[in-house]
$ cat model25.cif   # mmCIF, C-alpha atoms
data_target
#
loop_
_atom_site.group_PDB
_atom_site.id
_atom_site.type_symbol
_atom_site.label_atom_id
_atom_site.label_comp_id
_atom_site.auth_asym_id
_atom_site.auth_seq_id
_atom_site.Cartn_x
_atom_site.Cartn_y
_atom_site.Cartn_z
ATOM 1 C CA MET A 1 1.290 -10.587 -43.815
ATOM 2 C CA THR A 2 1.093 -14.349 -43.439
ATOM 3 C CA ILE A 3 -2.361 -15.899 -43.070
ATOM 4 C CA LYS A 4 -2.818 -19.364 -41.608
ATOM 5 C CA ILE A 5 -6.093 -21.190 -41.083
ATOM 6 C CA LYS A 6 -5.843 -24.351 -39.019
ATOM 7 C CA ASP A 7 -8.101 -26.637 -37.085
ATOM 8 C CA PHE A 8 -7.296 -27.221 -33.420
ATOM 9 C CA ASN A 9 -5.419 -30.483 -34.000
ATOM 10 C CA HIS A 10 -3.016 -28.808 -36.417
ATOM 11 C CA LEU A 11 -2.049 -25.903 -34.148
ATOM 12 C CA SER A 12 1.359 -26.196 -32.517
ATOM 13 C CA SER A 13 1.567 -25.569 -28.800
ATOM 14 C CA ALA A 14 3.326 -22.255 -29.560
ATOM 15 C CA GLN A 15 0.530 -21.197 -31.953
ATOM 16 C CA LEU A 16 -2.181 -22.103 -29.425
ATOM 17 C CA TYR A 17 -0.303 -20.252 -26.696
ATOM 18 C CA ALA A 18 -0.057 -17.123 -28.892
ATOM 19 C CA ILE A 19 -3.795 -17.305 -29.663
ATOM 20 C CA LEU A 20 -4.800 -17.656 -26.011
ATOM 21 C CA ALA A 21 -2.355 -14.941 -24.933
ATOM 22 C CA LEU A 22 -3.686 -12.463 -27.516
ATOM 23 C CA ARG A 23 -7.309 -13.241 -26.683
ATOM 24 C CA SER A 24 -6.531 -12.643 -23.005
ATOM 25 C CA GLU A 25 -4.647 -9.419 -23.838
ATOM 26 C CA VAL A 26 -7.576 -7.982 -25.791
ATOM 27 C CA PHE A 27 -10.705 -9.375 -24.153
ATOM 28 C CA VAL A 28 -9.650 -9.766 -20.519
ATOM 29 C CA VAL A 29 -6.987 -7.098 -19.927
ATOM 30 C CA GLU A 30 -7.712 -4.372 -22.494
ATOM 31 C CA GLN A 31 -11.507 -4.597 -22.208
ATOM 32 C CA ASN A 32 -11.306 -5.253 -18.462
ATOM 33 C CA CYS A 33 -13.652 -8.206 -18.786
ATOM 34 C CA PRO A 34 -12.832 -11.297 -16.778
ATOM 35 C CA TYR A 35 -14.665 -14.137 -18.490
ATOM 36 C CA GLN A 36 -14.199 -17.827 -19.264
ATOM 37 C CA ASP A 37 -12.339 -17.708 -22.582
ATOM 38 C CA ILE A 38 -11.474 -21.409 -22.545
ATOM 39 C CA ASP A 39 -14.947 -22.698 -23.458
ATOM 40 C CA ASN A 40 -14.326 -26.116 -25.046
ATOM 41 C CA LEU A 41 -15.220 -24.755 -28.499
ATOM 42 C CA ASP A 42 -11.675 -24.204 -29.772
ATOM 43 C CA GLN A 43 -11.438 -27.922 -30.505
ATOM 44 C CA GLU A 44 -14.307 -27.568 -33.029
ATOM 45 C CA ALA A 45 -13.036 -24.353 -34.622
ATOM 46 C CA GLN A 46 -10.999 -23.261 -37.574
ATOM 47 C CA HIS A 47 -8.490 -20.725 -36.281
ATOM 48 C CA VAL A 48 -7.791 -17.802 -38.607
ATOM 49 C CA CYS A 49 -4.448 -16.221 -37.773
ATOM 50 C CA PHE A 50 -2.741 -13.194 -39.308
ATOM 51 C CA TYR A 51 0.988 -12.957 -38.599
ATOM 52 C CA LYS A 52 3.327 -10.048 -39.239
ATOM 53 C CA LYS A 53 7.012 -10.890 -38.938
ATOM 54 C CA GLY A 54 6.061 -14.000 -36.966
ATOM 55 C CA GLU A 55 3.852 -12.152 -34.461
ATOM 56 C CA LEU A 56 0.136 -12.937 -34.206
ATOM 57 C CA VAL A 57 -1.598 -9.605 -34.890
ATOM 58 C CA ALA A 58 -5.177 -10.577 -35.811
ATOM 59 C CA TYR A 59 -7.313 -13.593 -35.063
ATOM 60 C CA ALA A 60 -10.798 -15.069 -35.364
ATOM 61 C CA ARG A 61 -12.295 -18.491 -34.978
ATOM 62 C CA ILE A 62 -14.894 -20.060 -37.221
ATOM 63 C CA LEU A 63 -17.306 -22.506 -35.650
ATOM 64 C CA PRO A 64 -19.436 -24.986 -37.577
ATOM 65 C CA ALA A 65 -23.216 -25.062 -37.294
ATOM 66 C CA GLY A 66 -24.419 -26.588 -34.051
ATOM 67 C CA THR A 67 -21.664 -25.298 -31.763
ATOM 68 C CA THR A 68 -22.691 -21.784 -30.664
ATOM 69 C CA PHE A 69 -25.483 -21.194 -33.183
ATOM 70 C CA ASP A 70 -27.538 -23.383 -35.486
ATOM 71 C CA SER A 71 -25.481 -22.004 -38.383
ATOM 72 C CA THR A 72 -21.805 -21.335 -39.006
ATOM 73 C CA SER A 73 -20.440 -18.535 -36.831
ATOM 74 C CA ILE A 74 -17.415 -16.327 -36.383
ATOM 75 C CA GLY A 75 -16.174 -15.391 -32.933
ATOM 76 C CA ARG A 76 -13.237 -14.212 -30.842
ATOM 77 C CA PHE A 77 -12.623 -11.660 -33.597
ATOM 78 C CA LEU A 78 -9.753 -9.326 -32.721
ATOM 79 C CA VAL A 79 -6.894 -7.188 -33.927
ATOM 80 C CA LYS A 80 -3.942 -6.497 -31.642
ATOM 81 C CA LYS A 81 -4.077 -2.911 -30.358
ATOM 82 C CA THR A 82 -0.740 -1.991 -31.958
ATOM 83 C CA HIS A 83 -2.059 -3.051 -35.391
ATOM 84 C CA ARG A 84 -5.462 -1.381 -35.461
ATOM 85 C CA GLN A 85 -6.410 1.317 -37.982
ATOM 86 C CA LYS A 86 -4.511 -0.609 -40.680
ATOM 87 C CA HIS A 87 -7.571 -2.335 -42.200
ATOM 88 C CA LEU A 88 -6.569 -5.725 -40.791
ATOM 89 C CA GLY A 89 -10.073 -6.194 -39.392
ATOM 90 C CA HIS A 90 -11.533 -5.792 -42.873
ATOM 91 C CA ASP A 91 -9.043 -8.283 -44.302
ATOM 92 C CA LEU A 92 -9.735 -10.691 -41.446
ATOM 93 C CA ILE A 93 -13.529 -10.674 -41.868
ATOM 94 C CA GLN A 94 -13.180 -11.107 -45.640
ATOM 95 C CA THR A 95 -10.803 -14.037 -45.097
ATOM 96 C CA CYS A 96 -13.336 -15.631 -42.742
ATOM 97 C CA LEU A 97 -16.233 -15.108 -45.166
ATOM 98 C CA THR A 98 -14.253 -16.553 -48.069
ATOM 99 C CA PHE A 99 -13.162 -19.574 -46.022
ATOM 100 C CA ILE A 100 -16.747 -20.245 -44.939
ATOM 101 C CA LYS A 101 -18.034 -19.960 -48.503
ATOM 102 C CA GLU A 102 -15.406 -22.428 -49.722
ATOM 103 C CA ASN A 103 -15.668 -24.929 -46.844
ATOM 104 C CA TYR A 104 -19.146 -24.845 -45.288
ATOM 105 C CA SER A 105 -22.537 -25.447 -46.833
ATOM 106 C CA SER A 106 -24.663 -23.231 -44.570
ATOM 107 C CA SER A 107 -25.857 -20.043 -46.242
ATOM 108 C CA LEU A 108 -26.326 -18.143 -42.969
ATOM 109 C CA ILE A 109 -23.474 -16.892 -40.785
ATOM 110 C CA LYS A 110 -24.217 -15.602 -37.288
ATOM 111 C CA ILE A 111 -22.109 -13.550 -34.919
ATOM 112 C CA SER A 112 -22.501 -12.096 -31.461
ATOM 113 C CA ALA A 113 -21.065 -8.636 -32.110
ATOM 114 C CA GLN A 114 -20.020 -6.013 -29.631
ATOM 115 C CA GLN A 115 -22.487 -3.218 -30.324
ATOM 116 C CA TYR A 116 -19.845 -0.570 -30.990
ATOM 117 C CA LEU A 117 -18.789 -2.675 -34.025
ATOM 118 C CA ILE A 118 -22.216 -2.773 -35.721
ATOM 119 C CA ASP A 119 -21.136 -0.374 -38.478
ATOM 120 C CA PHE A 120 -17.943 -2.327 -39.104
ATOM 121 C CA TYR A 121 -19.795 -5.608 -39.599
ATOM 122 C CA ALA A 122 -22.567 -3.895 -41.588
ATOM 123 C CA GLN A 123 -19.919 -2.776 -44.103
ATOM 124 C CA HIS A 124 -19.371 -6.468 -44.785
ATOM 125 C CA GLY A 125 -23.028 -7.392 -45.228
ATOM 126 C CA PHE A 126 -24.062 -8.307 -41.675
ATOM 127 C CA GLN A 127 -27.450 -7.151 -40.390
ATOM 128 C CA THR A 128 -28.574 -6.791 -36.791
ATOM 129 C CA VAL A 129 -31.212 -9.184 -35.506
ATOM 130 C CA GLY A 130 -33.339 -8.566 -32.431
ATOM 131 C CA GLU A 131 -32.483 -6.531 -29.387
ATOM 132 C CA GLY A 132 -29.102 -5.946 -27.839
ATOM 133 C CA TYR A 133 -28.031 -7.858 -24.748
ATOM 134 C CA LEU A 134 -25.218 -7.930 -22.232
ATOM 135 C CA GLU A 135 -22.605 -10.616 -22.639
ATOM 136 C CA ASP A 136 -19.974 -10.538 -19.909
ATOM 137 C CA ASP A 137 -21.187 -7.003 -19.074
ATOM 138 C CA ILE A 138 -20.429 -5.745 -22.612
ATOM 139 C CA PRO A 139 -23.311 -4.687 -24.919
ATOM 140 C CA HIS A 140 -23.675 -7.180 -27.794
ATOM 141 C CA ILE A 141 -26.141 -7.832 -30.571
ATOM 142 C CA GLU A 142 -26.727 -10.813 -32.819
ATOM 143 C CA MET A 143 -25.907 -10.172 -36.460
ATOM 144 C CA HIS A 144 -26.535 -12.319 -39.540
ATOM 145 C CA TYR A 145 -24.879 -12.558 -42.914
ATOM 146 C CA GLU A 146 -26.836 -14.197 -45.741
ATOM 147 C CA ARG A 147 -24.295 -15.735 -48.027
ATOM 148 C CA GLU A 148 -24.804 -15.612 -51.762
ATOM 149 C CA GLU A 149 -24.679 -18.987 -53.462
#

$ encode --input "model25.cif" --output "structure tokens"
Amino acid sequence: MTIKIKDFNHLSSAQLYAILALRSEVFVVEQNCPYQDIDNLDQEAQHVCFYKKGELVAYARILPAGTTFDSTSIGRFLVKKTHRQKHLGHDLIQTCLTFIKENYSSSLIKISAQQYLIDFYAQHGFQTVGEGYLEDDIPHIEMHYEREE
């Protein structure tokens, strides 16, 4: 597995294309959820990419405080369908948490999690906050991770 973390300006056009294609494959096609994926936040993000034999198989983006939340956040978290049940999601979230700890000063990390993934994120120290809500017709809930200093 090759892991690359790059800001928007250091992504090649082929890397960006692979990211957008995989996000569309998972969020739009697989989850049958037409939504505006291109949201003008990618330019502010760190893009966490897991490649296997050159193919993008897992992805997340890390956004600094002040973009989607008042603290650092993780979003667009996904694992390609053909690579699920191989613990890549666990490796991906740990990679994100480590990167944030090493590169951002905020002690709080927020996510907007699909509700069926509450237990997954809880395994990594996230706690639900407030009531669930619909985001693009999919049940979500805000979750927080208090980072140890």

$ closest_residue --input "model25.cif" --among "A:Asp7, A:Glu30, A:Glu44, A:Asp70" --to "Leu108 (chain A)" --atoms "all atoms listed in the file"
A:Asp70

$ residues_near_point --input "model25.cif" --point "(-1.6, -7.0, -35.6)" --cutoff "7 Å" --atoms "all atoms listed in the file" --output "PDB file with C-alpha atoms, keeping the file's coordinate frame"
ATOM      1  CA  LYS A  52       3.327 -10.048 -39.239  1.00  0.00           C
ATOM      2  CA  LEU A  56       0.136 -12.937 -34.206  1.00  0.00           C
ATOM      3  CA  VAL A  57      -1.598  -9.605 -34.890  1.00  0.00           C
ATOM      4  CA  ALA A  58      -5.177 -10.577 -35.811  1.00  0.00           C
ATOM      5  CA  VAL A  79      -6.894  -7.188 -33.927  1.00  0.00           C
ATOM      6  CA  LYS A  80      -3.942  -6.497 -31.642  1.00  0.00           C
ATOM      7  CA  THR A  82      -0.740  -1.991 -31.958  1.00  0.00           C
ATOM      8  CA  HIS A  83      -2.059  -3.051 -35.391  1.00  0.00           C
ATOM      9  CA  ARG A  84      -5.462  -1.381 -35.461  1.00  0.00           C
TER      10      ARG A  84
END

$ residues_around --input "model25.cif" --residues "Phe8 (chain A)" --least-positions-apart "6" --cutoff "12 Å" --atoms "only C-alpha atoms" --output "list in words"
Gln15, Leu16, Tyr17, Ile19, Asn40, Leu41, Asp42, Gln43, Glu44, Ala45, Gln46, His47, Val48, Arg61, Ile62 and Leu63 of chain A

$ closest_residue --input "model25.cif" --among "A:Ser24, A:Ser71, A:Gln85, A:Gln31" --to "Tyr104 (chain A)" --atoms "all atoms listed in the file"
A:Ser71

$ closest_residue --input "model25.cif" --among "A:Gln123, A:Ile3, A:Ala14, A:Cys33" --to "His90 (chain A)" --atoms "all atoms listed in the file"
A:Gln123

$ resolve_selection --input "model25.cif" --expression "the PyMOL selection byres ((chain A and resi 37) around 10)" --output "PyMOL selection string"
chain A and resi 20+23-24+27-28+34-36+38-42+76

$ write_last_selection --input "model25.cif" --atoms "C-alpha atoms" --output "PDB file, in the frame of the given file"
ATOM      1  CA  LEU A  20      -4.800 -17.656 -26.011  1.00  0.00           C
ATOM      2  CA  ARG A  23      -7.309 -13.241 -26.683  1.00  0.00           C
ATOM      3  CA  SER A  24      -6.531 -12.643 -23.005  1.00  0.00           C
ATOM      4  CA  PHE A  27     -10.705  -9.375 -24.153  1.00  0.00           C
ATOM      5  CA  VAL A  28      -9.650  -9.766 -20.519  1.00  0.00           C
ATOM      6  CA  PRO A  34     -12.832 -11.297 -16.778  1.00  0.00           C
ATOM      7  CA  TYR A  35     -14.665 -14.137 -18.490  1.00  0.00           C
ATOM      8  CA  GLN A  36     -14.199 -17.827 -19.264  1.00  0.00           C
ATOM      9  CA  ILE A  38     -11.474 -21.409 -22.545  1.00  0.00           C
ATOM     10  CA  ASP A  39     -14.947 -22.698 -23.458  1.00  0.00           C
ATOM     11  CA  ASN A  40     -14.326 -26.116 -25.046  1.00  0.00           C
ATOM     12  CA  LEU A  41     -15.220 -24.755 -28.499  1.00  0.00           C
ATOM     13  CA  ASP A  42     -11.675 -24.204 -29.772  1.00  0.00           C
ATOM     14  CA  ARG A  76     -13.237 -14.212 -30.842  1.00  0.00           C
TER      15      ARG A  76
END

$ residues_around --input "model25.cif" --residues "His124 (chain A)" --least-positions-apart "5" --cutoff "10 Å" --atoms "only C-alpha atoms" --output "ChimeraX atom specification"
/A:90,93-94,97,119,145

$ closest_residue --input "model25.cif" --among "A:Phe69, A:Thr2, A:Val26, A:Ile109" --to "Tyr51 (chain A)" --atoms "all atoms listed in the file"
A:Thr2

$ atom_distance --input "model25.cif" --atom1 "CA of Glu131 (chain A)" --atom2 "CA of Ile100 (chain A)"
26.0 Å

$ resolve_selection --input "model25.cif" --expression "the PyMOL selection byres ((chain A and resi 138-140) around 8)" --output "PyMOL selection string"
chain A and resi 112-115+132-137+141-142

$ write_last_selection --input "model25.cif" --atoms "C-alpha atoms" --output "mmCIF file, in the frame of the given file"
data_model
loop_
_atom_site.group_PDB
_atom_site.id
_atom_site.type_symbol
_atom_site.label_atom_id
_atom_site.label_comp_id
_atom_site.auth_asym_id
_atom_site.auth_seq_id
_atom_site.Cartn_x
_atom_site.Cartn_y
_atom_site.Cartn_z
ATOM 1 C CA SER A 112 -22.501 -12.096 -31.461
ATOM 2 C CA ALA A 113 -21.065 -8.636 -32.110
ATOM 3 C CA GLN A 114 -20.020 -6.013 -29.631
ATOM 4 C CA GLN A 115 -22.487 -3.218 -30.324
ATOM 5 C CA GLY A 132 -29.102 -5.946 -27.839
ATOM 6 C CA TYR A 133 -28.031 -7.858 -24.748
ATOM 7 C CA LEU A 134 -25.218 -7.930 -22.232
ATOM 8 C CA GLU A 135 -22.605 -10.616 -22.639
ATOM 9 C CA ASP A 136 -19.974 -10.538 -19.909
ATOM 10 C CA ASP A 137 -21.187 -7.003 -19.074
ATOM 11 C CA ILE A 141 -26.141 -7.832 -30.571
ATOM 12 C CA GLU A 142 -26.727 -10.813 -32.819
#

$ closest_residue --input "model25.cif" --among "A:His10, A:His144, A:Thr72, A:Asn32" --to "Lys101 (chain A)" --atoms "all atoms listed in the file"
A:Thr72

$ closest_residue --input "model25.cif" --among "A:Arg147, A:Met1, A:Ser12, A:Phe120" --to "Phe99 (chain A)" --atoms "all atoms listed in the file"
A:Arg147

$ atom_distance --input "model25.cif" --atom1 "CA of His87 (chain A)" --atom2 "CA of Glu146 (chain A)"
22.9 Å

$ atom_distance --input "model25.cif" --atom1 "CA of Gly130 (chain A)" --atom2 "CA of Ile118 (chain A)"
13.0 Å

$ decode --input "model25.cif" --residues "region 9-49 of chain A" --atoms "N, CA and C atoms" --output "mmCIF file, in the first residue's frame"
data_model
loop_
_atom_site.group_PDB
_atom_site.id
_atom_site.type_symbol
_atom_site.label_atom_id
_atom_site.label_comp_id
_atom_site.auth_asym_id
_atom_site.auth_seq_id
_atom_site.Cartn_x
_atom_site.Cartn_y
_atom_site.Cartn_z
ATOM 1 N N ASN A 9 -2.648 21.929 -4.575
ATOM 2 C CA ASN A 9 -1.708 22.433 -5.568
ATOM 3 C C ASN A 9 -0.619 21.430 -5.942
ATOM 4 N N HIS A 10 -0.479 20.371 -5.174
ATOM 5 C CA HIS A 10 0.526 19.364 -5.480
ATOM 6 C C HIS A 10 -0.065 18.076 -6.058
ATOM 7 N N LEU A 11 -1.370 18.070 -6.300
ATOM 8 C CA LEU A 11 -1.998 16.929 -6.971
ATOM 9 C C LEU A 11 -1.803 17.077 -8.474
ATOM 10 N N SER A 12 -1.456 15.993 -9.138
ATOM 11 C CA SER A 12 -1.415 16.025 -10.605
ATOM 12 C C SER A 12 -2.857 15.986 -11.120
ATOM 13 N N SER A 13 -3.019 16.299 -12.376
ATOM 14 C CA SER A 13 -4.372 16.228 -12.943
ATOM 15 C C SER A 13 -4.892 14.792 -12.902
ATOM 16 N N ALA A 14 -4.013 13.812 -13.100
ATOM 17 C CA ALA A 14 -4.428 12.402 -13.042
ATOM 18 C C ALA A 14 -4.844 12.017 -11.621
ATOM 19 N N GLN A 15 -4.118 12.495 -10.606
ATOM 20 C CA GLN A 15 -4.484 12.197 -9.218
ATOM 21 C C GLN A 15 -5.823 12.831 -8.868
ATOM 22 N N LEU A 16 -6.024 14.093 -9.243
ATOM 23 C CA LEU A 16 -7.296 14.764 -8.973
ATOM 24 C C LEU A 16 -8.441 14.046 -9.683
ATOM 25 N N TYR A 17 -8.224 13.658 -10.926
ATOM 26 C CA TYR A 17 -9.245 12.938 -11.669
ATOM 27 C C TYR A 17 -9.619 11.641 -10.960
ATOM 28 N N ALA A 18 -8.621 10.891 -10.484
ATOM 29 C CA ALA A 18 -8.886 9.624 -9.780
ATOM 30 C C ALA A 18 -9.677 9.876 -8.495
ATOM 31 N N ILE A 19 -9.339 10.928 -7.775
ATOM 32 C CA ILE A 19 -10.061 11.281 -6.543
ATOM 33 C C ILE A 19 -11.522 11.583 -6.850
ATOM 34 N N LEU A 20 -11.750 12.468 -7.822
ATOM 35 C CA LEU A 20 -13.126 12.858 -8.152
ATOM 36 C C LEU A 20 -13.918 11.678 -8.703
ATOM 37 N N ALA A 21 -13.265 10.835 -9.498
ATOM 38 C CA ALA A 21 -13.950 9.657 -10.047
ATOM 39 C C ALA A 21 -14.357 8.697 -8.933
ATOM 40 N N LEU A 22 -13.459 8.448 -7.971
ATOM 41 C CA LEU A 22 -13.782 7.525 -6.882
ATOM 42 C C LEU A 22 -14.854 8.109 -5.966
ATOM 43 N N ARG A 23 -14.781 9.390 -5.684
ATOM 44 C CA ARG A 23 -15.832 10.007 -4.867
ATOM 45 C C ARG A 23 -17.183 9.897 -5.562
ATOM 46 N N SER A 24 -17.219 10.111 -6.863
ATOM 47 C CA SER A 24 -18.468 9.971 -7.614
ATOM 48 C C SER A 24 -18.949 8.519 -7.601
ATOM 49 N N GLU A 25 -18.024 7.577 -7.788
ATOM 50 C CA GLU A 25 -18.367 6.150 -7.781
ATOM 51 C C GLU A 25 -19.032 5.742 -6.468
ATOM 52 N N VAL A 26 -18.475 6.193 -5.353
ATOM 53 C CA VAL A 26 -18.988 5.776 -4.048
ATOM 54 C C VAL A 26 -20.202 6.603 -3.629
ATOM 55 N N PHE A 27 -20.071 7.911 -3.623
ATOM 56 C CA PHE A 27 -21.121 8.752 -3.042
ATOM 57 C C PHE A 27 -22.306 8.986 -3.977
ATOM 58 N N VAL A 28 -22.053 9.128 -5.262
ATOM 59 C CA VAL A 28 -23.145 9.437 -6.190
ATOM 60 C C VAL A 28 -23.771 8.156 -6.746
ATOM 61 N N VAL A 29 -22.953 7.265 -7.295
ATOM 62 C CA VAL A 29 -23.478 6.070 -7.954
ATOM 63 C C VAL A 29 -23.860 4.993 -6.941
ATOM 64 N N GLU A 30 -22.885 4.556 -6.128
ATOM 65 C CA GLU A 30 -23.137 3.457 -5.198
ATOM 66 C C GLU A 30 -24.214 3.809 -4.172
ATOM 67 N N GLN A 31 -24.136 5.014 -3.606
ATOM 68 C CA GLN A 31 -25.110 5.414 -2.588
ATOM 69 C C GLN A 31 -26.335 6.087 -3.190
ATOM 70 N N ASN A 32 -26.377 6.155 -4.511
ATOM 71 C CA ASN A 32 -27.518 6.736 -5.226
ATOM 72 C C ASN A 32 -27.894 8.101 -4.657
ATOM 73 N N CYS A 33 -26.902 8.968 -4.569
ATOM 74 C CA CYS A 33 -27.102 10.269 -3.930
ATOM 75 C C CYS A 33 -26.514 11.382 -4.796
ATOM 76 N N PRO A 34 -27.333 11.905 -5.699
ATOM 77 C CA PRO A 34 -26.815 13.029 -6.490
ATOM 78 C C PRO A 34 -26.651 14.259 -5.587
ATOM 79 N N TYR A 35 -25.443 14.747 -5.504
ATOM 80 C CA TYR A 35 -25.162 15.921 -4.685
ATOM 81 C C TYR A 35 -23.997 16.675 -5.303
ATOM 82 N N GLN A 36 -23.770 17.890 -4.841
ATOM 83 C CA GLN A 36 -22.701 18.731 -5.376
ATOM 84 C C GLN A 36 -21.388 18.394 -4.685
ATOM 85 N N ASP A 37 -20.637 17.465 -5.250
ATOM 86 C CA ASP A 37 -19.362 17.049 -4.667
ATOM 87 C C ASP A 37 -18.303 18.139 -4.804
ATOM 88 N N ILE A 38 -18.271 18.802 -5.937
ATOM 89 C CA ILE A 38 -17.307 19.872 -6.166
ATOM 90 C C ILE A 38 -17.813 21.097 -5.398
ATOM 91 N N ASP A 39 -17.208 21.337 -4.217
ATOM 92 C CA ASP A 39 -17.749 22.336 -3.286
ATOM 93 C C ASP A 39 -16.782 23.470 -2.951
ATOM 94 N N ASN A 40 -15.727 23.608 -3.735
ATOM 95 C CA ASN A 40 -14.726 24.658 -3.524
ATOM 96 C C ASN A 40 -13.981 24.527 -2.200
ATOM 97 N N LEU A 41 -13.973 23.339 -1.609
ATOM 98 C CA LEU A 41 -13.193 23.102 -0.392
ATOM 99 C C LEU A 41 -11.945 22.261 -0.670
ATOM 100 N N ASP A 42 -11.915 21.575 -1.803
ATOM 101 C CA ASP A 42 -10.750 20.752 -2.125
ATOM 102 C C ASP A 42 -9.464 21.581 -2.164
ATOM 103 N N GLN A 43 -9.595 22.832 -2.571
ATOM 104 C CA GLN A 43 -8.420 23.698 -2.676
ATOM 105 C C GLN A 43 -7.795 23.983 -1.309
ATOM 106 N N GLU A 44 -8.579 23.849 -0.235
ATOM 107 C CA GLU A 44 -8.099 24.106 1.126
ATOM 108 C C GLU A 44 -7.639 22.836 1.830
ATOM 109 N N ALA A 45 -7.879 21.692 1.217
ATOM 110 C CA ALA A 45 -7.726 20.395 1.890
ATOM 111 C C ALA A 45 -6.350 19.765 1.704
ATOM 112 N N GLN A 46 -6.063 18.855 2.629
ATOM 113 C CA GLN A 46 -5.010 17.874 2.456
ATOM 114 C C GLN A 46 -5.726 16.603 1.991
ATOM 115 N N HIS A 47 -5.239 16.018 0.932
ATOM 116 C CA HIS A 47 -5.883 14.848 0.338
ATOM 117 C C HIS A 47 -5.087 13.602 0.704
ATOM 118 N N VAL A 48 -5.750 12.701 1.431
ATOM 119 C CA VAL A 48 -5.112 11.481 1.923
ATOM 120 C C VAL A 48 -5.518 10.343 0.994
ATOM 121 N N CYS A 49 -4.533 9.800 0.288
ATOM 122 C CA CYS A 49 -4.805 8.805 -0.744
ATOM 123 C C CYS A 49 -4.048 7.511 -0.462
#
